[in-house]
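As stored in input24.cif (mmCIF, C-alpha atoms and all ligand atoms):
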```cif
data_input
loop_
_atom_site.label_atom_id
_atom_site.label_comp_id
_atom_site.auth_asym_id
_atom_site.auth_seq_id
_atom_site.Cartn_x
_atom_site.Cartn_y
_atom_site.Cartn_z
CA MET U 5 -26.82 -10.40 16.16
CA SER U 6 -25.00 -7.07 16.48
CA ARG U 7 -25.44 -4.34 13.87
CA PRO U 8 -23.29 -4.50 10.70
CA GLN U 9 -19.95 -2.69 10.95
CA GLN U 10 -19.81 0.62 9.10
CA ILE U 11 -16.90 0.74 6.66
CA THR U 12 -15.35 3.72 4.87
CA VAL U 13 -13.42 2.78 1.73
CA LEU U 14 -10.92 5.50 0.77
CA GLY U 15 -9.82 4.88 -2.83
CA ALA U 16 -12.92 2.79 -3.63
CA THR U 17 -12.50 3.04 -7.41
CA GLY U 18 -9.02 1.47 -7.34
CA SER U 19 -7.87 -2.12 -7.39
CA ILE U 20 -7.83 -2.56 -3.59
CA GLY U 21 -11.06 -0.57 -3.23
CA LEU U 22 -12.90 -2.86 -5.65
CA SER U 23 -11.54 -6.02 -4.01
CA THR U 24 -12.64 -4.67 -0.63
CA LEU U 25 -16.17 -4.01 -1.91
CA ASP U 26 -16.26 -7.52 -3.39
CA VAL U 27 -15.51 -9.03 0.05
CA ILE U 28 -17.93 -6.68 1.83
CA ALA U 29 -20.75 -7.59 -0.59
CA ARG U 30 -20.32 -11.27 0.35
CA HIS U 31 -21.17 -10.45 3.98
CA PRO U 32 -24.04 -7.95 4.11
CA GLU U 33 -24.97 -9.13 7.60
CA ARG U 34 -21.48 -8.14 8.89
CA TYR U 35 -20.56 -5.02 6.90
CA GLN U 36 -22.23 -1.93 5.49
CA VAL U 37 -20.54 0.69 3.35
CA PHE U 38 -20.56 4.07 5.09
CA ALA U 39 -18.54 6.08 2.56
CA LEU U 40 -16.70 5.67 -0.75
CA SER U 41 -14.15 7.94 -2.41
CA GLY U 42 -12.95 8.32 -5.99
CA PHE U 43 -10.64 10.73 -7.76
CA THR U 44 -10.79 10.48 -11.58
CA ARG U 45 -13.03 7.42 -12.20
CA LEU U 46 -16.25 9.16 -11.21
CA SER U 47 -18.67 7.19 -13.38
CA GLU U 48 -17.31 4.05 -11.67
CA LEU U 49 -17.86 5.79 -8.33
CA LEU U 50 -21.50 6.44 -9.28
CA ALA U 51 -21.95 2.76 -10.17
CA LEU U 52 -20.40 1.75 -6.83
CA CYS U 53 -22.76 4.12 -4.98
CA ILE U 54 -25.75 2.57 -6.76
CA ARG U 55 -24.52 -0.90 -5.82
CA HIS U 56 -23.55 -0.21 -2.17
CA VAL U 57 -25.72 2.82 -1.20
CA PRO U 58 -23.20 4.58 1.07
CA GLN U 59 -24.18 7.55 3.23
CA PHE U 60 -21.34 9.62 1.72
CA ALA U 61 -19.25 9.77 -1.45
CA VAL U 62 -16.12 11.93 -1.72
CA VAL U 63 -14.72 13.48 -4.90
CA PRO U 64 -11.79 15.90 -5.42
CA GLU U 65 -13.57 19.09 -6.44
CA VAL U 66 -16.82 21.04 -6.33
CA ALA U 67 -17.93 20.76 -9.98
CA ALA U 68 -17.52 16.97 -9.92
CA ALA U 69 -19.40 16.86 -6.61
CA ARG U 70 -22.37 18.75 -8.10
CA GLY U 71 -22.50 16.40 -11.10
CA LEU U 72 -22.33 13.29 -8.93
CA GLN U 73 -24.90 14.66 -6.47
CA ASP U 74 -27.35 15.28 -9.36
CA ASP U 75 -26.80 11.74 -10.71
CA LEU U 76 -27.28 10.22 -7.24
CA ARG U 77 -30.49 12.19 -6.71
CA ALA U 78 -31.78 11.10 -10.13
CA ALA U 79 -31.07 7.49 -9.14
CA GLY U 80 -33.12 8.02 -5.95
CA LEU U 81 -30.14 7.54 -3.62
CA PRO U 82 -29.72 9.30 -0.26
CA THR U 83 -25.88 9.48 -0.64
CA ARG U 84 -24.40 12.93 0.12
CA VAL U 85 -21.32 14.07 -1.78
CA LEU U 86 -18.40 15.68 0.07
CA VAL U 87 -15.35 17.35 -1.44
CA GLY U 88 -11.56 17.12 -1.21
CA GLU U 89 -9.21 16.23 1.61
CA GLU U 90 -11.60 17.71 4.16
CA GLY U 91 -14.34 15.38 2.95
CA LEU U 92 -11.96 12.40 3.07
CA CYS U 93 -10.93 13.24 6.65
CA GLN U 94 -14.59 13.64 7.62
CA VAL U 95 -15.66 10.19 6.36
CA ALA U 96 -12.49 8.64 7.83
CA SER U 97 -13.23 9.93 11.31
CA ALA U 98 -17.06 10.09 11.51
CA PRO U 99 -18.39 8.67 14.81
CA GLU U 100 -20.55 6.05 13.03
CA VAL U 101 -17.51 4.47 11.30
CA ASP U 102 -16.00 1.24 12.68
CA ALA U 103 -13.23 0.59 10.14
CA VAL U 104 -11.47 2.50 7.38
CA MET U 105 -9.89 0.88 4.35
CA ALA U 106 -6.97 3.23 3.50
CA ALA U 107 -6.54 2.48 -0.21
CA ILE U 108 -5.73 5.85 -1.77
CA VAL U 109 -2.43 5.54 -3.63
CA GLY U 110 0.55 7.66 -2.59
CA ALA U 111 1.12 10.63 -0.30
CA ALA U 112 -2.44 11.87 -0.95
CA GLY U 113 -3.65 9.19 1.46
CA LEU U 114 -1.66 10.36 4.46
CA ARG U 115 -3.93 13.02 6.00
CA PRO U 116 -7.20 11.02 5.66
CA THR U 117 -5.51 7.89 7.04
CA LEU U 118 -4.13 9.85 9.99
CA ALA U 119 -7.57 11.34 10.59
CA ALA U 120 -8.90 7.78 10.91
CA VAL U 121 -6.03 6.85 13.24
CA GLU U 122 -6.58 9.88 15.45
CA ALA U 123 -10.29 9.04 15.69
CA GLY U 124 -9.30 5.57 16.99
CA LYS U 125 -10.78 3.64 14.05
CA LYS U 126 -9.79 0.16 13.00
CA ILE U 127 -7.37 0.86 10.12
CA LEU U 128 -7.02 -1.53 7.20
CA LEU U 129 -3.77 -0.15 5.81
CA ALA U 130 -3.10 -0.62 2.09
CA ASN U 131 -1.66 2.88 1.56
CA LYS U 132 1.95 1.96 2.44
CA GLU U 133 3.24 5.34 1.27
CA ALA U 134 1.51 7.02 4.25
CA LEU U 135 3.43 4.87 6.72
CA VAL U 136 6.72 5.18 4.80
CA MET U 137 6.49 8.98 4.83
CA SER U 138 5.57 9.52 8.44
CA GLY U 139 6.36 6.21 10.21
CA ALA U 140 7.34 7.52 13.66
CA LEU U 141 4.49 10.06 13.85
CA PHE U 142 2.00 7.58 12.39
CA MET U 143 2.86 4.86 14.93
CA GLN U 144 2.82 7.41 17.79
CA ALA U 145 -0.69 8.42 16.71
CA VAL U 146 -1.76 4.74 16.60
CA HIS U 147 -0.47 4.14 20.13
CA LYS U 148 -2.02 7.35 21.43
CA SER U 149 -5.52 6.72 20.05
CA GLY U 150 -5.54 2.95 20.62
CA SER U 151 -6.46 2.46 16.97
CA VAL U 152 -6.13 -1.14 15.72
CA LEU U 153 -3.76 -1.19 12.73
CA LEU U 154 -4.15 -4.18 10.39
CA PRO U 155 -1.87 -4.58 7.37
CA ILE U 156 -3.45 -5.20 3.97
CA ASP U 157 -0.24 -5.43 1.97
CA SER U 158 -0.13 -9.18 1.32
CA GLU U 159 3.40 -9.59 2.73
CA HIS U 160 2.68 -7.64 5.90
CA ASN U 161 -0.64 -9.38 6.37
CA ALA U 162 1.24 -12.69 6.03
CA ILE U 163 3.85 -11.58 8.58
CA PHE U 164 1.05 -10.41 10.89
CA GLN U 165 -0.54 -13.87 10.64
CA CYS U 166 2.80 -15.60 11.38
CA MET U 167 3.67 -13.39 14.38
CA PRO U 168 2.58 -14.22 17.92
CA GLN U 169 -0.31 -12.01 19.12
CA ASP U 170 1.96 -10.17 21.57
CA PHE U 171 4.62 -9.18 19.00
CA ALA U 172 4.30 -5.55 20.17
CA ARG U 173 6.51 -6.58 23.13
CA GLY U 174 9.43 -6.54 20.68
CA LEU U 175 10.77 -9.06 18.18
CA SER U 176 13.53 -10.43 20.41
CA ALA U 177 11.12 -10.69 23.38
CA VAL U 178 8.86 -12.96 21.33
CA GLY U 179 11.73 -15.00 19.86
CA VAL U 180 11.68 -13.64 16.30
CA ARG U 181 15.05 -13.59 14.57
CA ARG U 182 14.18 -12.29 11.11
CA ILE U 183 11.34 -11.32 8.86
CA LEU U 184 11.61 -12.84 5.37
CA LEU U 185 9.83 -10.51 2.96
CA THR U 186 9.00 -12.27 -0.30
CA ALA U 187 8.99 -10.55 -3.69
CA SER U 188 7.95 -11.92 -7.07
CA GLY U 189 10.77 -10.05 -8.84
CA GLY U 190 8.16 -8.51 -11.17
CA PRO U 191 8.08 -8.60 -14.96
CA PHE U 192 11.78 -7.71 -15.42
CA ARG U 193 13.40 -10.34 -13.19
CA GLN U 194 14.96 -12.08 -16.16
CA THR U 195 14.86 -9.37 -18.85
CA PRO U 196 18.36 -8.87 -20.32
CA MET U 197 19.89 -5.78 -18.65
CA SER U 198 20.56 -4.26 -22.09
CA GLU U 199 16.79 -4.17 -22.79
CA LEU U 200 15.76 -2.45 -19.55
CA ALA U 201 16.41 1.07 -20.89
CA HIS U 202 13.66 0.58 -23.47
CA VAL U 203 10.88 -1.18 -21.59
CA SER U 204 7.46 0.52 -21.85
CA PRO U 205 4.97 1.48 -19.12
CA ASP U 206 2.63 -1.28 -20.33
CA GLN U 207 5.41 -3.86 -20.03
CA ALA U 208 6.19 -2.60 -16.51
CA CYS U 209 2.51 -2.84 -15.55
CA ALA U 210 2.15 -6.42 -16.84
CA HIS U 211 2.84 -8.09 -13.50
CA PRO U 212 3.25 -11.86 -13.76
CA ASN U 213 1.08 -12.73 -10.72
CA TRP U 214 -0.85 -9.73 -9.37
CA SER U 215 -3.36 -7.36 -10.94
CA MET U 216 -2.85 -3.90 -9.36
CA GLY U 217 -3.01 -0.14 -9.96
CA ARG U 218 -0.40 1.32 -12.34
CA LYS U 219 1.79 3.09 -9.77
CA ILE U 220 2.30 0.03 -7.57
CA SER U 221 2.78 -2.11 -10.70
CA VAL U 222 5.74 0.07 -11.77
CA ASP U 223 7.04 -0.04 -8.18
CA SER U 224 6.87 -3.84 -8.35
CA ALA U 225 8.82 -3.87 -11.61
CA SER U 226 11.58 -1.66 -10.14
CA MET U 227 11.35 -3.40 -6.73
CA MET U 228 10.83 0.00 -5.12
CA ASN U 229 7.63 -1.64 -3.92
CA LYS U 230 9.73 -4.12 -1.92
CA GLY U 231 11.87 -1.25 -0.64
CA LEU U 232 8.77 0.62 0.55
CA GLU U 233 7.54 -2.64 2.07
CA LEU U 234 10.82 -3.10 3.93
CA ILE U 235 10.30 0.32 5.53
CA GLU U 236 6.62 -0.52 6.15
CA ALA U 237 7.63 -3.78 7.90
CA CYS U 238 10.08 -1.94 10.16
CA TRP U 239 7.30 0.35 11.42
CA LEU U 240 4.54 -2.25 11.67
CA PHE U 241 6.65 -4.84 13.50
CA ASP U 242 9.19 -2.59 15.23
CA ALA U 243 12.05 -4.23 13.30
CA LYS U 244 15.45 -2.89 12.29
CA PRO U 245 16.15 -2.84 8.53
CA ALA U 246 18.83 -5.52 9.08
CA GLN U 247 16.13 -7.82 10.53
CA VAL U 248 14.18 -7.78 7.26
CA GLU U 249 15.54 -9.93 4.45
CA VAL U 250 14.12 -9.74 0.93
CA VAL U 251 13.68 -13.10 -0.80
CA ILE U 252 12.67 -13.41 -4.44
CA HIS U 253 9.97 -16.04 -4.80
CA PRO U 254 8.63 -15.89 -8.36
CA GLN U 255 5.44 -17.94 -7.78
CA SER U 256 3.96 -15.44 -5.24
CA VAL U 257 2.38 -18.28 -3.27
CA ILE U 258 4.28 -17.73 -0.01
CA HIS U 259 3.39 -14.16 0.95
CA SER U 260 6.17 -13.83 3.59
CA LEU U 261 7.74 -15.70 6.50
CA VAL U 262 8.83 -15.22 10.09
CA ASP U 263 12.04 -16.88 11.31
CA TYR U 264 12.13 -17.75 15.04
CA VAL U 265 15.22 -18.30 17.23
CA ASP U 266 14.42 -21.99 17.67
CA GLY U 267 14.77 -22.49 13.91
CA SER U 268 11.05 -22.58 13.16
CA VAL U 269 10.05 -20.62 10.09
CA LEU U 270 6.34 -19.83 9.76
CA ALA U 271 4.93 -18.90 6.36
CA GLN U 272 1.52 -17.84 5.08
CA LEU U 273 0.52 -19.23 1.68
CA GLY U 274 -2.37 -18.56 -0.63
CA ASN U 275 -3.35 -17.71 -4.17
CA PRO U 276 -2.17 -14.23 -5.16
CA ASP U 277 -5.50 -12.44 -4.67
CA MET U 278 -5.77 -9.38 -2.41
CA ARG U 279 -9.21 -10.45 -1.20
CA THR U 280 -7.44 -12.87 1.20
CA PRO U 281 -5.56 -10.22 3.22
CA ILE U 282 -8.56 -7.88 2.93
CA ALA U 283 -10.94 -10.51 4.36
CA ASN U 284 -8.37 -11.40 7.01
CA ALA U 285 -8.11 -7.81 8.20
CA LEU U 286 -11.84 -7.05 7.91
CA ALA U 287 -12.85 -10.00 10.08
CA TRP U 288 -9.77 -10.21 12.34
CA PRO U 289 -9.52 -12.08 14.67
CA GLU U 290 -12.26 -14.14 13.05
CA ARG U 291 -12.13 -15.69 9.54
CA ILE U 292 -14.61 -15.16 6.72
CA ASP U 293 -14.98 -16.34 3.14
CA SER U 294 -13.11 -14.05 0.72
CA GLY U 295 -14.19 -15.59 -2.56
CA VAL U 296 -10.60 -16.72 -3.24
CA ALA U 297 -10.24 -20.24 -4.65
CA PRO U 298 -8.50 -22.83 -2.43
CA LEU U 299 -4.76 -23.10 -3.06
CA ASP U 300 -3.99 -26.04 -5.34
CA LEU U 301 -0.50 -27.14 -4.28
CA PHE U 302 -0.35 -29.76 -7.03
CA ALA U 303 -0.92 -27.06 -9.64
CA VAL U 304 1.73 -24.84 -7.96
CA ALA U 305 4.06 -27.90 -7.92
CA ARG U 306 7.21 -26.03 -6.88
CA LEU U 307 8.35 -23.02 -4.87
CA ASP U 308 11.57 -21.25 -5.92
CA PHE U 309 13.70 -18.74 -4.02
CA GLU U 310 16.58 -16.50 -5.06
CA ALA U 311 18.50 -13.54 -3.66
CA PRO U 312 17.65 -10.10 -5.13
CA ASP U 313 20.21 -8.57 -7.49
CA GLU U 314 20.78 -4.95 -6.41
CA GLU U 315 22.43 -4.09 -9.70
CA ARG U 316 19.27 -5.05 -11.55
CA PHE U 317 17.10 -3.43 -8.86
CA PRO U 318 18.90 -0.26 -7.62
CA CYS U 319 15.63 1.03 -6.11
CA LEU U 320 15.83 -1.72 -3.52
CA ARG U 321 19.31 -0.54 -2.48
CA LEU U 322 18.13 3.09 -2.32
CA ALA U 323 15.15 2.13 -0.15
CA ARG U 324 17.33 0.09 2.22
CA GLN U 325 19.69 3.07 2.56
CA ALA U 326 16.72 5.36 3.27
CA ALA U 327 15.39 2.87 5.84
CA GLU U 328 18.76 2.93 7.60
CA ALA U 329 19.06 6.73 7.45
CA GLY U 330 15.50 7.12 8.82
CA ASN U 331 14.15 10.62 9.65
CA SER U 332 13.26 12.46 6.41
CA ALA U 333 14.98 9.96 4.07
CA PRO U 334 11.98 7.61 3.51
CA ALA U 335 9.60 10.54 2.86
CA MET U 336 12.05 11.96 0.30
CA LEU U 337 12.55 8.55 -1.29
CA ASN U 338 8.79 8.10 -1.58
CA ALA U 339 8.12 11.56 -3.02
CA ALA U 340 10.96 11.33 -5.57
CA ASN U 341 9.67 7.91 -6.55
CA GLU U 342 6.10 9.21 -7.02
CA VAL U 343 7.35 11.94 -9.38
CA ALA U 344 9.67 9.56 -11.25
CA VAL U 345 7.00 6.87 -11.69
CA ALA U 346 4.42 9.42 -12.90
CA ALA U 347 6.99 10.69 -15.43
CA PHE U 348 7.71 7.11 -16.54
CA LEU U 349 3.98 6.36 -16.93
CA ASP U 350 3.71 9.57 -19.04
CA ALA U 351 6.62 8.31 -21.20
CA ARG U 352 8.71 11.35 -20.20
CA VAL U 353 11.58 9.24 -18.79
CA GLY U 354 12.89 5.74 -19.36
CA TYR U 355 12.57 2.93 -16.82
CA LEU U 356 16.24 3.10 -15.74
CA GLU U 357 15.93 6.81 -15.06
CA ILE U 358 13.47 6.18 -12.22
CA ALA U 359 16.33 5.07 -9.97
CA SER U 360 18.65 7.85 -11.26
CA ILE U 361 16.11 10.54 -10.32
CA ILE U 362 15.59 9.12 -6.82
CA GLU U 363 19.32 8.71 -6.19
CA ASP U 364 20.03 12.31 -7.29
CA VAL U 365 17.29 13.69 -5.06
CA LEU U 366 18.53 11.73 -2.04
CA ASN U 367 22.11 12.87 -2.66
CA LEU U 368 21.13 16.53 -2.99
CA GLU U 369 19.14 16.96 0.20
CA PRO U 370 20.46 16.34 3.74
CA VAL U 371 18.46 14.05 6.03
CA VAL U 372 16.63 16.00 8.75
CA ALA U 373 14.52 15.01 11.76
CA LEU U 374 10.73 15.04 11.28
CA GLU U 375 9.19 16.63 14.38
CA ASP U 376 5.65 16.98 13.06
CA LEU U 377 3.40 16.46 10.05
CA ASP U 378 4.37 19.84 8.57
CA ALA U 379 8.00 18.66 8.50
CA VAL U 380 6.89 15.48 6.69
CA PHE U 381 5.09 17.49 4.00
CA THR U 382 8.05 19.90 3.74
CA ALA U 383 10.43 16.98 3.07
CA ASP U 384 7.91 15.53 0.60
CA ALA U 385 7.58 18.89 -1.22
CA LYS U 386 11.38 19.42 -1.36
CA ALA U 387 11.90 16.01 -2.93
CA ARG U 388 9.14 16.67 -5.49
CA ILE U 389 10.75 20.01 -6.45
CA LEU U 390 14.18 18.38 -6.80
CA ALA U 391 12.74 15.56 -8.91
CA GLU U 392 10.92 18.09 -11.15
CA GLN U 393 14.21 20.02 -11.47
CA TRP U 394 15.90 16.80 -12.60
CA LEU U 395 13.21 16.45 -15.28
CA SER U 396 13.63 20.01 -16.57
CA ARG U 397 17.45 19.77 -16.42
CA HIS U 398 17.18 16.72 -18.68
CA GLY U 399 14.68 18.42 -21.01
CA ARG U 400 11.68 16.22 -20.07
P1 LIG O 501 -5.21 2.21 -7.84
O1 LIG O 501 -4.45 3.18 -8.67
O2 LIG O 501 -5.91 1.09 -8.48
O3 LIG O 501 -6.28 3.02 -6.95
C1 LIG O 501 -5.94 4.18 -6.25
C2 LIG O 501 -7.17 4.82 -5.62
O4 LIG O 501 -6.81 6.09 -5.07
C3 LIG O 501 -8.29 5.10 -6.60
O5 LIG O 501 -9.53 5.02 -5.95
C4 LIG O 501 -8.00 6.55 -7.03
O6 LIG O 501 -9.15 7.20 -7.55
C5 LIG O 501 -7.58 7.14 -5.70
N1 LIG O 501 -6.69 8.29 -5.84
C6 LIG O 501 -5.63 8.42 -6.69
N2 LIG O 501 -5.02 9.62 -6.49
C7 LIG O 501 -5.73 10.25 -5.51
C8 LIG O 501 -5.61 11.53 -4.88
N3 LIG O 501 -4.64 12.40 -5.20
N4 LIG O 501 -6.51 11.86 -3.92
C9 LIG O 501 -7.51 11.01 -3.58
N5 LIG O 501 -7.66 9.78 -4.15
C10 LIG O 501 -6.79 9.42 -5.09
O7 LIG O 501 -4.19 1.68 -6.74
P2 LIG O 501 -4.23 0.31 -5.91
O8 LIG O 501 -5.63 0.01 -5.47
O9 LIG O 501 -3.47 -0.71 -6.64
O10 LIG O 501 -3.35 0.70 -4.65
C11 LIG O 501 -3.88 1.49 -3.59
C12 LIG O 501 -2.88 1.47 -2.42
O11 LIG O 501 -2.78 0.14 -1.96
C13 LIG O 501 -1.46 1.89 -2.83
O12 LIG O 501 -0.88 2.60 -1.77
C14 LIG O 501 -0.73 0.57 -3.04
O13 LIG O 501 0.65 0.66 -2.76
C15 LIG O 501 -1.43 -0.30 -2.00
N6 LIG O 501 -1.39 -1.73 -2.31
C16 LIG O 501 -2.02 -2.21 -3.43
C17 LIG O 501 -1.97 -3.56 -3.75
C18 LIG O 501 -2.70 -4.11 -4.94
O14 LIG O 501 -2.72 -5.33 -5.11
N7 LIG O 501 -3.30 -3.31 -5.78
C19 LIG O 501 -1.23 -4.50 -2.90
C20 LIG O 501 -0.65 -3.90 -1.73
C21 LIG O 501 -0.72 -2.57 -1.46
P3 LIG O 501 -9.54 7.09 -9.14
O15 LIG O 501 -9.30 5.68 -9.52
O16 LIG O 501 -11.01 7.44 -9.15
O17 LIG O 501 -8.69 8.05 -9.87
MG MG O 502 2.87 -6.15 -1.25
#
```

Take the structure I supplied and represent it as C-alpha cells, if you would.
Ligand code: NDP
Ligand code: MG
Amino acid sequence: MSRPQQITVLGATGSIGLSTLDVIARHPERYQVFALSGFTRLSELLALCIRHVPQFAVVPEVAAARGLQDDLRAAGLPTRVLVGEEGLCQVASAPEVDAVMAAIVGAAGLRPTLAAVEAGKKILLANKEALVMSGALFMQAVHKSGSVLLPIDSEHNAIFQCMPQDFARGLSAVGVRRILLTASGGPFRQTPMSELAHVSPDQACAHPNWSMGRKISVDSASMMNKGLELIEACWLFDAKPAQVEVVIHPQSVIHSLVDYVDGSVLAQLGNPDMRTPIANALAWPERIDSGVAPLDLFAVARLDFEAPDEERFPCLRLARQAAEAGNSAPAMLNAANEVAVAAFLDARVGYLEIASIIEDVLNLEPVVALEDLDAVFTADAKARILAEQWLSRHGR
C-alpha cells in the first residue's frame, strides 16, 4: 500500500475545516494531516493539533504563535508553528504536500490558495471568494502548473460529478446545454418583504438545511452566495453566465444539475452534509465513506422547484451583472459584500442595506481589466474603501 497522502487544511477551525478533518480521521491509512491553520479560534486549533498531530500549525501573528508553540511543546507534540500569510503559503506549497483544502473564508484565502495552485498541488476548493476575485488569473495558474482543481462547494461538486470527464473541451463540445444551479432560498425565502429590514444576524445565520460559518450563512440568506457560485461555476466549467440558471429547491437534496442537448438532465442528490463533497474530492476518482447517512427518499417525499425572485434577492441580480461585466467587477462585488456582511454581523447596518452598499460601490467605480494579482488586490481595496465610505456617510 502506498504512503498516506499529506493534506494541508487551510481554515481548519471553520465549518469546512472540521468536516474535512472528520472525513480524514475515518481514513488514517489514506490521509495524514500535514498542516492546519486557524485565525481566532486558537484553543480549538490546539485541540485539533493534539488530535491530528500535524507537522505545522499556522496562526495570524507572532504572540499567538509563541503561546501555541508553548502549549504544543507542553503536550509533547512535534508540531511547529508558523505565522501569517507567509506561513499559510509555505504549508500550501511544501514539497511533502499532496492536497490542500482551501477553506479560509473570503479574500484572505486567495494568496495561500494560489501558492498551492502554483506548486501544482491537488486543490480542494471551498474558498469560492478566491476564484470569484481572480478567476482568469486563477484558472491560468491552474492550467500552467497542471494542478488538479476539485470543487468542494456542494453545487459545483454536484455539477462536476454530472459532467463528462472531458468537460474541459468546452460545454458545447461535450453536449451540455445548461448548468442548473440549485439554491435553498435560505431562511428568508418566504419572509414578508416588510419584515426584511428588521431581520437579525442570528435569523440570517439560521439556515434551514445547512450548518455553515456566519459569513456564508448571511450570503445564503441574501442569495449573494448563489451569485458568487454563479461566477464560480463560469470559471470552473468555462460557462457563460447565460448558461447558468439558478433554481430554488428548498429541500437541498438535489445539489445541482447538468442539462444536455439530447434532453437528458443529470442530477446529484444527497443529504445536505458537506462531508459528501469533501470525501468525493479527497478520494477522486475513487469513492470513500464520508460518514453521511444514506439518503432516505421516503423521508424526503417531495422535491420542489421555483424561480428566484430578484426583487426579494437583489444580490443575485448584482452578482449576475458583475459576472457579465467580468474583469474587476466580480472582485469589487466580493469585496463590497465582505465589508457589508461584516457590518451586518456587527449590527451596524440592516439586512436590506447589504445590497444597497454593494450596488453603490459597483456604480461608483468603473470596471477595469485585471492584468495581474496586484490589480486584483487594488480592485478589492478600492471596493473596501468605497464600502467603508458608505458606512461613514450613513453614520455607521
Ligand atoms: P468558517 O467561518 O466556519 O471558517 C473560516 C475559516 O477561515 C476558519 O478556520 C477561520 O479561522 C479562518 N479565517 C477567517 N478569517 C481568516 C483570515 N483573515 N486569515 C486566515 N484565516 C482566516 O467558514 P466556512 O468553513 O463555513 O467557509 C469556509 C469557506 O468555504 C468559505 O469561502 C465558504 O464560502 C466556503 N464554503 C463553505 C460551505 C459550508 O458549508 N460551510 C459550503 C460551501 C463553501 P478561525 O475560525 O480560527 O477564526
Ligand atoms: Mg454552495

Ligand LIG 501 (chain O) proximity check over U:Lys126, U:Arg30, U:Arg218, U:Arg388, using all atoms listed in the file: winner is U:Arg218

Enumerate as a VMD selection string the residues within 8 Å of ligand LIG 501 (chain O), counting only C-alpha atoms and all ligand atoms.
chain U and resid 14 to 22 41 to 46 48 to 49 63 to 64 88 to 89 106 to 113 129 to 134 156 to 158 214 to 221 229 277 to 278

May I have the residues within 10 Å of U:Leu270 as a ChimeraX atom specification, using all atoms listed in the file and disregarding those fewer than 5 positions away in the same chain?
/U:162-163,165-167,183-184,260-264

Residues near U:Ala187, anyone? I mean within 10 Å using all atoms listed in the file, not counting same-chain ones fewer than 2 positions away, as an MDAnalysis selection string.
chainID U and resid 159 184:185 189:190 224 227 229:230 233 250:256 258:260 309:312

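Closest approach to U:Asp293 among U:Arg34, U:Arg7, U:Val121, U:Ala329: U:Arg34, based on all atoms listed in the file.
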
Within 8 Å of file point (3.8, 0.6, -18.7), counting all atoms listed in the file, expressed as an mmCIF file with C-alpha atoms, keeping the file's coordinate frame:
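Okay, out.cif is ready:
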```
data_model
loop_
_atom_site.group_PDB
_atom_site.id
_atom_site.type_symbol
_atom_site.label_atom_id
_atom_site.label_comp_id
_atom_site.auth_asym_id
_atom_site.auth_seq_id
_atom_site.Cartn_x
_atom_site.Cartn_y
_atom_site.Cartn_z
ATOM 1 C CA VAL U 203 10.880 -1.180 -21.590
ATOM 2 C CA SER U 204 7.460 0.520 -21.850
ATOM 3 C CA PRO U 205 4.970 1.480 -19.120
ATOM 4 C CA ASP U 206 2.630 -1.280 -20.330
ATOM 5 C CA GLN U 207 5.410 -3.860 -20.030
ATOM 6 C CA ALA U 208 6.190 -2.600 -16.510
ATOM 7 C CA CYS U 209 2.510 -2.840 -15.550
ATOM 8 C CA ALA U 210 2.150 -6.420 -16.840
ATOM 9 C CA ARG U 218 -0.400 1.320 -12.340
ATOM 10 C CA VAL U 222 5.740 0.070 -11.770
ATOM 11 C CA PHE U 348 7.710 7.110 -16.540
ATOM 12 C CA LEU U 349 3.980 6.360 -16.930
#
```

Taking all atoms of stretch 70-88 of chain U that appear in the file, build a box with edges along x, y and z, extend it by 6 Å on every side, and state its centre and edge lengths in Å to one decimal, as lines of an AutoDock Vina configuration file.
```
center_x = -22.3
center_y = 13.1
center_z = -5.5
size_x = 33.6
size_y = 23.3
size_z = 23.2
```

Near stretch 51-59 of chain U, within 6 Å and counting all atoms listed in the file, which residues show up once chain neighbours fewer than 6 positions away are dropped, as a short mmCIF file (atom, residue, chain, number, x, y, z; two decimals) with C-alpha atoms, in the coordinates of the input?
```cif
data_model
loop_
_atom_site.label_atom_id
_atom_site.label_comp_id
_atom_site.auth_asym_id
_atom_site.auth_seq_id
_atom_site.Cartn_x
_atom_site.Cartn_y
_atom_site.Cartn_z
CA VAL U 37 -20.54 0.69 3.35
CA PHE U 38 -20.56 4.07 5.09
CA ALA U 39 -18.54 6.08 2.56
CA THR U 83 -25.88 9.48 -0.64
#
```

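The residue that comes closest to U:Ala237, out of U:Ala303, U:Ile292, U:Asn331, U:His160 and on the basis of only C-alpha atoms, is U:His160.
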